[in-house]
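Below is the file final_4.txt, which contains compact mmCIF, C-alpha atoms.
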# COMPACT_ATOMS: atom_id res chain seq x y z
CA MET A 2 2.98 -8.42 23.01
CA ILE A 3 6.03 -6.16 23.09
CA GLN A 4 6.32 -6.83 19.40
CA LEU A 5 2.74 -5.68 18.88
CA ALA A 6 3.32 -2.48 20.81
CA ARG A 7 6.26 -1.74 18.56
CA LEU A 8 4.08 -2.49 15.56
CA GLY A 9 1.87 0.42 16.66
CA LEU A 10 4.84 2.76 16.48
CA VAL A 11 5.57 1.46 13.01
CA GLY A 12 2.16 2.82 12.02
CA PHE A 13 3.40 6.35 12.59
CA GLY A 14 6.49 5.75 10.55
CA GLY A 15 4.73 4.50 7.58
CA VAL A 16 3.09 2.61 4.92
CA GLY A 17 3.83 -0.06 2.33
CA PRO A 18 7.25 1.17 1.26
CA GLN A 19 8.48 1.12 4.86
CA ALA A 20 7.03 -2.26 5.84
CA TYR A 21 10.19 -4.10 4.79
CA HIS A 22 12.36 -2.00 7.09
CA ALA A 23 9.90 -2.38 9.99
CA PHE A 24 9.33 -6.13 9.73
CA VAL A 25 12.77 -7.31 8.59
CA GLU A 26 15.61 -4.85 9.12
CA ARG A 27 14.62 -3.18 12.37
CA SER A 28 12.74 -5.84 14.28
CA GLY A 29 13.95 -9.07 12.74
CA TRP A 30 10.40 -10.48 13.04
CA LEU A 31 10.57 -12.03 9.60
CA SER A 32 13.33 -13.26 7.31
CA VAL A 33 13.50 -11.80 3.81
CA GLU A 34 11.92 -15.02 2.48
CA ASP A 35 9.08 -15.03 5.02
CA PHE A 36 8.42 -11.35 4.44
CA THR A 37 8.27 -11.84 0.69
CA GLU A 38 5.92 -14.78 1.07
CA LEU A 39 3.54 -13.07 3.50
CA TYR A 40 3.63 -9.78 1.62
CA SER A 41 2.85 -11.58 -1.62
CA VAL A 42 -0.15 -13.27 -0.01
CA ALA A 43 -1.24 -9.94 1.52
CA GLN A 44 -0.98 -8.22 -1.84
CA ALA A 45 -2.82 -10.83 -3.88
CA LEU A 46 -5.80 -10.89 -1.50
CA PRO A 47 -8.27 -7.99 -1.33
CA GLY A 48 -7.67 -5.26 1.25
CA ALA A 49 -4.88 -2.83 2.01
CA ASN A 50 -1.55 -4.67 1.72
CA VAL A 51 0.11 -3.75 4.99
CA MET A 52 -3.15 -4.22 6.92
CA ASN A 53 -3.38 -7.75 5.50
CA LEU A 54 0.27 -8.31 6.35
CA CYS A 55 -0.39 -7.27 9.96
CA ALA A 56 -3.52 -9.42 10.18
CA ILE A 57 -1.70 -12.49 8.83
CA SER A 58 1.42 -12.13 10.97
CA GLY A 59 -0.60 -11.26 14.08
CA ASP A 60 -2.71 -14.38 13.53
CA ARG A 61 0.35 -16.60 12.98
CA TRP A 62 2.03 -15.40 16.16
CA PHE A 63 -0.90 -14.95 18.56
CA GLY A 64 -4.11 -16.13 16.87
CA PRO A 65 -7.18 -14.04 15.96
CA LEU A 66 -6.76 -11.66 18.91
CA GLY A 67 -3.17 -11.06 17.82
CA ALA A 68 -4.45 -10.19 14.36
CA LEU A 69 -6.96 -7.76 15.83
CA ALA A 70 -4.31 -6.17 18.06
CA ALA A 71 -1.86 -5.87 15.17
CA VAL A 72 -4.37 -4.22 12.84
CA ALA A 73 -5.64 -1.91 15.60
CA SER A 74 -2.15 -0.83 16.61
CA ILE A 75 -1.13 0.06 13.08
CA THR A 76 -4.32 1.98 12.23
CA LEU A 77 -5.54 3.76 15.37
CA PRO A 78 -2.52 5.95 16.27
CA PRO A 79 -2.19 7.42 12.76
CA LEU A 80 -5.99 7.74 12.57
CA VAL A 81 -5.90 10.05 15.58
CA VAL A 82 -3.10 12.04 13.96
CA ILE A 83 -4.94 12.38 10.66
CA LEU A 84 -8.24 13.43 12.27
CA VAL A 85 -6.45 16.06 14.33
CA ALA A 86 -4.65 17.20 11.20
CA ALA A 87 -7.93 17.32 9.28
CA SER A 88 -9.46 19.57 11.93
CA ALA A 89 -6.42 21.78 12.30
CA VAL A 90 -5.05 22.04 8.80
CA ALA A 91 -5.37 25.48 7.25
CA HIS A 92 -4.80 25.76 3.55
CA ILE A 93 -1.06 25.38 3.45
CA GLU A 94 -1.84 22.50 1.13
CA HIS A 95 -1.63 24.69 -1.93
CA ALA A 96 1.66 26.46 -1.17
CA PRO A 97 4.18 25.54 -3.92
CA ARG A 98 6.92 24.52 -1.48
CA PHE A 99 4.54 22.24 0.38
CA VAL A 100 3.27 20.66 -2.83
CA GLY A 101 6.86 20.33 -4.08
CA ALA A 102 7.88 18.52 -0.90
CA GLU A 103 4.83 16.28 -1.11
CA CYS A 104 5.54 15.35 -4.75
CA ALA A 105 9.16 14.60 -3.94
CA VAL A 106 8.10 12.33 -1.06
CA VAL A 107 5.70 10.51 -3.39
CA ALA A 108 8.52 9.96 -5.91
CA ALA A 109 10.82 8.78 -3.11
CA SER A 110 8.16 6.33 -1.89
CA ALA A 111 8.10 4.94 -5.42
CA GLY A 112 11.84 4.35 -5.02
CA LEU A 113 11.24 2.37 -1.81
CA ILE A 114 8.62 0.29 -3.63
CA PHE A 115 11.03 -0.43 -6.50
CA ALA A 116 13.58 -1.63 -3.93
CA ASN A 117 10.93 -3.95 -2.43
CA ALA A 118 10.10 -5.31 -5.89
CA TYR A 119 13.81 -5.98 -6.49
CA ARG A 120 13.95 -7.95 -3.21
CA VAL A 121 10.91 -10.00 -4.24
CA PHE A 122 12.68 -11.10 -7.42
CA GLY A 123 15.78 -11.87 -5.39
CA THR A 124 13.89 -14.55 -3.45
CA ILE A 125 12.70 -16.41 -6.55
CA ALA A 126 15.02 -19.34 -6.92
CA ARG A 127 13.45 -21.31 -9.76
CA ARG A 128 12.35 -20.15 -13.21
CA ARG A 129 13.27 -16.61 -12.49
CA SER A 130 13.07 -15.46 -16.11
CA ALA A 131 9.49 -16.71 -16.41
CA ALA A 132 8.65 -14.86 -13.19
CA ILE A 133 10.17 -11.63 -14.47
CA ALA A 134 8.27 -11.98 -17.75
CA ILE A 135 4.95 -12.44 -15.92
CA ALA A 136 5.70 -9.48 -13.64
CA ALA A 137 6.61 -7.27 -16.60
CA VAL A 138 3.37 -8.10 -18.41
CA ILE A 139 1.32 -7.41 -15.27
CA ALA A 140 3.08 -4.11 -14.60
CA ALA A 141 2.62 -2.97 -18.21
CA ALA A 142 -1.05 -4.04 -18.31
CA VAL A 143 -1.83 -2.13 -15.12
CA VAL A 144 0.19 0.99 -15.95
CA PHE A 145 -1.42 1.32 -19.38
CA HIS A 146 -4.91 0.56 -17.99
CA ALA A 147 -5.26 -2.54 -20.15
CA LEU A 148 -6.40 -4.54 -17.11
CA SER A 149 -7.69 -3.57 -13.70
CA MET A 150 -5.58 -4.69 -10.73
CA PRO A 151 -7.94 -7.49 -9.60
CA VAL A 152 -8.13 -8.94 -13.14
CA ALA A 153 -4.37 -8.65 -13.69
CA THR A 154 -3.77 -10.33 -10.33
CA LEU A 155 -6.10 -13.20 -11.15
CA ILE A 156 -4.64 -13.82 -14.61
CA GLY A 157 -1.10 -13.56 -13.24
CA LEU A 158 -1.87 -16.10 -10.50
CA VAL A 159 -3.39 -18.58 -12.97
CA VAL A 160 -0.51 -18.29 -15.44
CA GLY A 161 2.06 -18.44 -12.64
CA PHE A 162 0.37 -21.48 -11.13
CA ALA A 163 0.46 -23.25 -14.51
CA VAL A 164 4.14 -22.38 -14.98
CA ALA A 165 5.08 -23.55 -11.48
CA ALA A 166 3.03 -26.76 -11.67
CA ALA A 167 4.36 -27.75 -15.10
CA PRO A 168 6.82 -30.65 -14.93
CA VAL A 169 10.49 -29.68 -15.18
CA ARG A 170 12.08 -30.69 -18.47
CA SER A 171 15.20 -32.73 -17.83
CA MET B 28 -29.63 11.46 4.47
CA THR B 29 -31.58 12.71 7.47
CA ASP B 30 -31.36 9.59 9.61
CA PRO B 31 -27.80 9.30 10.99
CA SER B 32 -27.97 5.55 11.51
CA ALA B 33 -29.04 5.06 7.87
CA VAL B 34 -25.99 7.04 6.78
CA LEU B 35 -23.74 4.87 8.96
CA LEU B 36 -25.29 1.73 7.48
CA GLN B 37 -24.64 3.02 3.96
CA ILE B 38 -21.02 3.76 4.89
CA ALA B 39 -20.63 0.27 6.35
CA LEU B 40 -22.12 -1.47 3.31
CA ARG B 41 -20.42 0.53 0.59
CA ILE B 42 -16.96 0.72 2.16
CA GLY B 43 -17.22 -2.94 3.19
CA GLY B 44 -17.92 -3.74 -0.46
CA LEU B 45 -14.85 -1.76 -1.55
CA SER B 46 -12.78 -3.78 0.93
CA LEU B 47 -13.57 -6.96 -1.00
CA VAL B 48 -12.38 -5.66 -4.37
CA ALA B 49 -9.34 -3.80 -3.06
CA VAL B 50 -6.59 -5.78 -4.75
CA GLY B 51 -3.36 -3.85 -5.18
CA GLY B 52 -3.46 -1.50 -2.22
CA GLY B 53 -5.22 1.63 -1.04
CA ASN B 54 -4.27 3.93 -3.91
CA ALA B 55 -5.90 1.65 -6.47
CA LEU B 56 -9.21 2.25 -4.70
CA ILE B 57 -9.33 6.02 -5.01
CA PRO B 58 -11.40 6.07 -8.25
CA SER B 59 -14.00 3.59 -6.89
CA LEU B 60 -14.25 5.45 -3.59
CA HIS B 61 -14.74 8.69 -5.54
CA ASP B 62 -17.64 7.09 -7.45
CA GLN B 63 -19.31 6.05 -4.20
CA ALA B 64 -18.57 9.05 -1.97
CA VAL B 65 -18.96 11.94 -4.42
CA THR B 66 -20.92 10.84 -7.49
CA THR B 67 -23.41 8.32 -6.08
CA MET B 68 -23.94 9.13 -2.41
CA HIS B 69 -22.97 12.83 -2.18
CA TRP B 70 -21.29 12.16 1.15
CA VAL B 71 -18.60 14.75 0.42
CA THR B 72 -18.01 17.44 -2.18
CA GLU B 73 -15.42 17.20 -4.95
CA SER B 74 -13.04 19.53 -3.12
CA GLY B 75 -13.64 17.79 0.21
CA PHE B 76 -12.67 14.52 -1.44
CA ALA B 77 -9.52 15.99 -3.00
CA GLU B 78 -8.53 17.44 0.37
CA ALA B 79 -9.02 14.07 2.06
CA VAL B 80 -6.90 12.32 -0.60
CA GLY B 81 -4.11 14.88 -0.18
CA LEU B 82 -4.21 14.56 3.58
CA SER B 83 -4.20 10.77 3.59
CA GLN B 84 -1.16 10.77 1.31
CA ALA B 85 0.75 13.44 3.19
CA ALA B 86 0.05 12.34 6.77
CA PRO B 87 1.94 9.45 8.37
CA GLY B 88 0.25 6.07 8.44
CA PRO B 89 -1.35 3.85 5.83
CA ASN B 90 -3.10 5.45 2.85
CA MET B 91 -6.25 3.47 3.58
CA LEU B 92 -6.94 6.02 6.33
CA LEU B 93 -8.66 7.83 3.46
CA MET B 94 -11.68 5.60 4.22
CA PRO B 95 -12.20 6.73 7.84
CA LEU B 96 -11.36 10.29 6.79
CA ILE B 97 -14.26 10.26 4.31
CA GLY B 98 -16.43 8.67 7.03
CA TRP B 99 -15.39 11.45 9.38
CA GLN B 100 -16.30 14.17 6.88
CA THR B 101 -19.67 12.48 6.34
CA ALA B 102 -20.77 11.50 9.84
CA GLY B 103 -18.18 12.59 12.38
CA LEU B 104 -16.29 10.24 14.67
CA ALA B 105 -18.89 7.47 14.39
CA GLY B 106 -18.58 7.66 10.61
CA ALA B 107 -14.80 7.39 10.84
CA LEU B 108 -14.93 4.32 13.09
CA VAL B 109 -17.63 2.60 11.02
CA ALA B 110 -15.65 3.21 7.83
CA LEU B 111 -12.44 1.91 9.43
CA VAL B 112 -14.01 -1.32 10.70
CA ALA B 113 -16.05 -1.83 7.52
CA PHE B 114 -12.93 -1.52 5.41
CA LEU B 115 -10.68 -3.71 7.57
CA ALA B 116 -12.91 -6.51 8.82
CA PRO B 117 -13.86 -8.31 5.55
CA SER B 118 -10.40 -8.19 3.97
CA SER B 119 -8.54 -9.08 7.18
CA THR B 120 -10.79 -12.08 7.74
CA ILE B 121 -10.14 -13.31 4.21
CA ALA B 122 -6.41 -12.72 4.61
CA ILE B 123 -6.28 -14.72 7.85
CA LEU B 124 -8.31 -17.62 6.44
CA GLY B 125 -6.25 -17.64 3.24
CA SER B 126 -2.97 -17.67 5.12
CA ARG B 127 -4.20 -20.49 7.38
CA LEU B 128 -5.10 -22.57 4.32
CA LEU B 129 -1.57 -22.08 2.99
CA VAL B 130 -0.08 -23.21 6.32
CA ARG B 131 -2.36 -26.25 6.58
CA TYR B 132 -1.49 -27.54 3.13
CA GLU B 133 2.17 -26.48 3.40
CA GLY B 134 4.40 -28.56 1.16
CA SER B 135 1.63 -29.85 -1.09
CA ARG B 136 2.30 -29.37 -4.76
CA ALA B 137 -0.61 -26.98 -5.27
CA VAL B 138 0.51 -24.70 -2.42
CA THR B 139 4.11 -24.73 -3.62
CA ALA B 140 2.99 -23.76 -7.12
CA PHE B 141 0.63 -21.11 -5.73
CA LYS B 142 3.38 -19.57 -3.62
CA TRP B 143 5.63 -19.41 -6.65
CA ALA B 144 2.85 -17.75 -8.63
CA LEU B 145 2.32 -15.08 -5.95
CA ARG B 146 5.78 -13.59 -6.33
CA PRO B 147 5.76 -12.40 -9.96
CA VAL B 148 2.26 -11.02 -9.32
CA ALA B 149 3.46 -9.16 -6.22
CA GLY B 150 6.55 -7.90 -8.05
CA GLY B 151 4.54 -6.77 -11.06
CA LEU B 152 1.98 -4.94 -8.91
CA MET B 153 4.78 -3.23 -6.97
CA VAL B 154 6.51 -2.05 -10.14
CA SER B 155 3.22 -0.71 -11.51
CA ALA B 156 2.40 1.00 -8.20
CA GLY B 157 5.83 2.66 -8.25
CA ILE B 158 5.37 3.88 -11.82
CA VAL B 159 1.89 5.22 -11.02
CA LEU B 160 3.33 7.11 -8.03
CA VAL B 161 6.09 8.70 -10.12
CA VAL B 162 3.51 9.77 -12.73
CA SER B 163 1.23 11.26 -10.08
CA ALA B 164 4.16 13.11 -8.50
CA VAL B 165 4.98 14.64 -11.89
CA ARG B 166 1.33 15.58 -12.54
CA THR B 167 0.79 17.33 -9.22
CA TRP B 168 4.08 19.25 -9.33
CA PRO B 169 3.46 23.01 -8.72
CA PRO B 170 2.38 24.45 -12.08
CA THR B 171 4.69 27.47 -11.97
CA ALA B 172 7.76 25.30 -11.53
CA ALA B 173 6.54 22.70 -14.02
CA ALA B 174 6.23 25.34 -16.73
CA ARG B 175 9.90 26.23 -16.29
CA PHE B 176 11.22 22.68 -16.12
CA ALA B 177 9.09 20.92 -18.72
CA PHE B 178 11.50 18.00 -18.96
CA GLY B 179 13.23 18.49 -15.65
CA VAL B 180 10.28 17.38 -13.53
CA PRO B 181 9.73 13.85 -14.95
CA VAL B 182 13.49 13.22 -15.14
CA GLY B 183 13.96 14.60 -11.64
CA ALA B 184 11.17 12.44 -10.20
CA ALA B 185 12.55 9.32 -11.91
CA LEU B 186 16.10 10.08 -10.73
CA LEU B 187 14.87 10.71 -7.20
CA ALA B 188 13.00 7.38 -7.17
CA ALA B 189 16.07 5.55 -8.51
CA ALA B 190 18.36 7.22 -5.98
CA VAL B 191 16.08 6.31 -3.08
CA ALA B 192 15.72 2.73 -4.34
CA TYR B 193 19.52 2.38 -4.48
CA ALA B 194 20.12 4.10 -1.14
CA SER B 195 17.52 2.02 0.71
CA MET B 196 19.12 -1.20 -0.54
CA ARG B 197 22.68 -0.02 0.14
CA PHE B 198 22.11 1.37 3.65
CA LYS B 199 19.71 -0.22 6.12
CA TRP B 200 18.67 3.09 7.62
CA ASN B 201 15.14 4.05 8.54
CA PRO B 202 13.42 4.94 5.23
CA LEU B 203 12.16 8.15 6.85
CA VAL B 204 15.70 9.47 6.28
CA TRP B 205 15.25 9.17 2.51
CA LEU B 206 11.70 10.55 2.61
CA ALA B 207 12.80 13.53 4.71
CA ALA B 208 15.72 14.22 2.35
CA ALA B 209 13.31 14.04 -0.61
CA ALA B 210 10.87 16.42 1.11
CA PHE B 211 13.71 18.91 1.63
CA ILE B 212 14.79 18.72 -2.01
CA GLY B 213 11.18 19.00 -3.16
CA ALA B 214 10.51 22.03 -0.95
CA LEU B 215 13.60 23.77 -2.36
CA ALA B 216 12.67 22.96 -5.95
CA GLY B 217 8.94 23.59 -5.53
CA GLY B 218 9.42 27.24 -4.67
CA VAL B 219 11.77 27.99 -7.58
Written as structure tokens, that's how I'd like the structure from this file.
Amino acid sequence: MIQLARLGLVGFGGVGPQAYHAFVERSGWLSVEDFTELYSVAQALPGANVMNLCAISGDRWFGPLGALAAVASITLPPLVVILVAASAVAHIEHAPRFVGAECAVVAASAGLIFANAYRVFGTIARRRSAAIAIAAVIAAAVVFHALSMPVATLIGLVVGFAVAAAPVRS
Amino acid sequence: MTDPSAVLLQIALRIGGLSLVAVGGGNALIPSLHDQAVTTMHWVTESGFAEAVGLSQAAPGPNMLLMPLIGWQTAGLAGALVALVAFLAPSSTIAILGSRLLVRYEGSRAVTAFKWALRPVAGGLMVSAGIVLVVSAVRTWPPTAAARFAFGVPVGAALLAAAVAYASMRFKWNPLVWLAAAAFIGALAGGV
């Protein structure tokens, strides 16, 4: 329960790019391997990734009520903040310095995501080159709008499953 | 659109539907939400939608708060809560059931293969999400500055992303440190 209360504070601090720090580095709730596994599941299923991650870990630790508490504590505090901000915000949104800061934060978030991706590949022990090839194709297909994310995810899972289930050549 | 409960029902159904196709995170949903909220249902205006997107990106917390924000603009607090629950309940239920299946059949060959398959997919989606973010940062850069630094902006955004990626792996500090540093740099450069 203390863990769940802390999870609510995590909601203020952030989103996907920060989840690794919150779940692994700061709290020690999950090992790198567990985090990668759960985050991969959360990402492949529909829904917002970190919300899924909270639902899954809350359920594993405390059952369905834990899942509910985890999702509520990560969404409700920032929801209050954002609704207050939406009522209060004047139109500073278009000031160049504000937009510049916002763009830089977006680029920096991309950096945090790249670091997370690097960690994911670090936990793949077998057939790493095949995994990197699949990931590269998926990333290229999505970036160049060749495939939508759900379709790319599905194809990637099927190909990956076939690769992983294929017998190892001795 | 006169009956408030009918509006709430529409929000619940349409945002609940989005929840089920939301693979790849909140940002991937923005175009579909735009179709529903602006083009089809006229819940919000074009500029109201853009404002909500900007706010949900800039404010702390998950980007999926865009859903309740649109609900709030449409139907007040009730709209926000309905949108939040409609977006979270279907996908969270699926996530919990899916994860329980994986635990129950732990160690079976199919689950082992499936878990292996998840990782390249997750890695690929993360890399693409990162690239999309860098591109959107470059596109929304203040036009006056962008005109002066035609090549500086994309290179700067890419360098910033690379620097933050390296720093966050090298030092286990709170990532807010890197985001705050980036905001400072961006505010300096944005006003040039």
Find the residue from A:Ala165, A:Val106, A:Val51, A:Ile114 that sits nearest to Ile135 in chain A; use all atoms listed in the file when measuring.
A:Ala165
Go ahead and compute the interatomic distance for CA of Ala20 in chain A and CA of Trp205 in chain B, in Å to one decimal.
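That distance, rounded to one decimal, is 14.5 Å.
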Distance in Å - CA of Gly29 in chain A versus CA of Asn201 in chain B
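Going from CA of Gly29 in chain A over to CA of Asn201 in chain B, I get 13.8 Å.
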Counting only C-alpha atoms, figure out which residue out of A:Asn53, A:Ser28, A:Gln44, A:Ser130 gets nearest to Ala116 in chain B.
A:Asn53
Name the residues in contact with Ala56 in chain A at a cut-off of 7 Å, using all atoms listed in the file, excluding same-chain residues fewer than 6 positions from it; report them as a VMD selection string.
(chain A and resid 68 to 69 71 to 72) or (chain B and resid 119 123)
Around the point (-15.7, 4.7, -6.9), in the coordinates given by the file, pick out the residues reaching within 12 Å, counting all atoms listed in the file, and return them as number ranges by chain.
B: 41-42, 44-46, 48-49, 54-69, 76, 94
Do you know which residues lie at most 12 Å from (-3.2, -6.5, -12.9), with coordinates as in the file and all atoms listed in the file counted, and could you write them as an MDAnalysis selection string?
(chainID A and resid 44:45 135:158) or (chainID B and resid 49:52 55 147:156)
Next, the residues of the selection above should be written as a compact mmCIF listing (two decimals), in the coordinates of the input with C-alpha atoms.
# COMPACT_ATOMS: atom_id res chain seq x y z
CA GLN A 44 -0.98 -8.22 -1.84
CA ALA A 45 -2.82 -10.83 -3.88
CA ILE A 135 4.95 -12.44 -15.92
CA ALA A 136 5.70 -9.48 -13.64
CA ALA A 137 6.61 -7.27 -16.60
CA VAL A 138 3.37 -8.10 -18.41
CA ILE A 139 1.32 -7.41 -15.27
CA ALA A 140 3.08 -4.11 -14.60
CA ALA A 141 2.62 -2.97 -18.21
CA ALA A 142 -1.05 -4.04 -18.31
CA VAL A 143 -1.83 -2.13 -15.12
CA VAL A 144 0.19 0.99 -15.95
CA PHE A 145 -1.42 1.32 -19.38
CA HIS A 146 -4.91 0.56 -17.99
CA ALA A 147 -5.26 -2.54 -20.15
CA LEU A 148 -6.40 -4.54 -17.11
CA SER A 149 -7.69 -3.57 -13.70
CA MET A 150 -5.58 -4.69 -10.73
CA PRO A 151 -7.94 -7.49 -9.60
CA VAL A 152 -8.13 -8.94 -13.14
CA ALA A 153 -4.37 -8.65 -13.69
CA THR A 154 -3.77 -10.33 -10.33
CA LEU A 155 -6.10 -13.20 -11.15
CA ILE A 156 -4.64 -13.82 -14.61
CA GLY A 157 -1.10 -13.56 -13.24
CA LEU A 158 -1.87 -16.10 -10.50
CA ALA B 49 -9.34 -3.80 -3.06
CA VAL B 50 -6.59 -5.78 -4.75
CA GLY B 51 -3.36 -3.85 -5.18
CA GLY B 52 -3.46 -1.50 -2.22
CA ALA B 55 -5.90 1.65 -6.47
CA PRO B 147 5.76 -12.40 -9.96
CA VAL B 148 2.26 -11.02 -9.32
CA ALA B 149 3.46 -9.16 -6.22
CA GLY B 150 6.55 -7.90 -8.05
CA GLY B 151 4.54 -6.77 -11.06
CA LEU B 152 1.98 -4.94 -8.91
CA MET B 153 4.78 -3.23 -6.97
CA VAL B 154 6.51 -2.05 -10.14
CA SER B 155 3.22 -0.71 -11.51
CA ALA B 156 2.40 1.00 -8.20
Residues at most 10 Å from Ala185 in chain B, counting all atoms listed in the file, excluding those fewer than 5 positions away in the same chain, as an MDAnalysis selection string?
(chainID A and resid 108:109 111:112) or (chainID B and resid 158 161:162 164:165 179:180 190:191)
What gap, in Å, lies between CA of Ala126 in chain A and CA of Arg136 in chain B?
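Separation between CA of Ala126 in chain A and CA of Arg136 in chain B: 16.3 Å.
Of the residues under consideration (A:Trp62, A:Phe24, A:Tyr40, A:Trp30), A:Tyr40 shows the shortest atom-to-atom contact distance to chain B when counting only C-alpha atoms.
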I'd like to know which of B:Ala86, B:Val130, B:Ala102, B:Val204 is closest to chain A, using only C-alpha atoms.
B:Ala86
Of the residues B:Trp70, B:Phe198, B:Tyr132, B:Phe211, which is the one nearest to chain A, using all atoms listed in the file?
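Of B:Trp70, B:Phe198, B:Tyr132, B:Phe211, the one nearest chain A, counting all atoms listed in the file, is B:Phe211.
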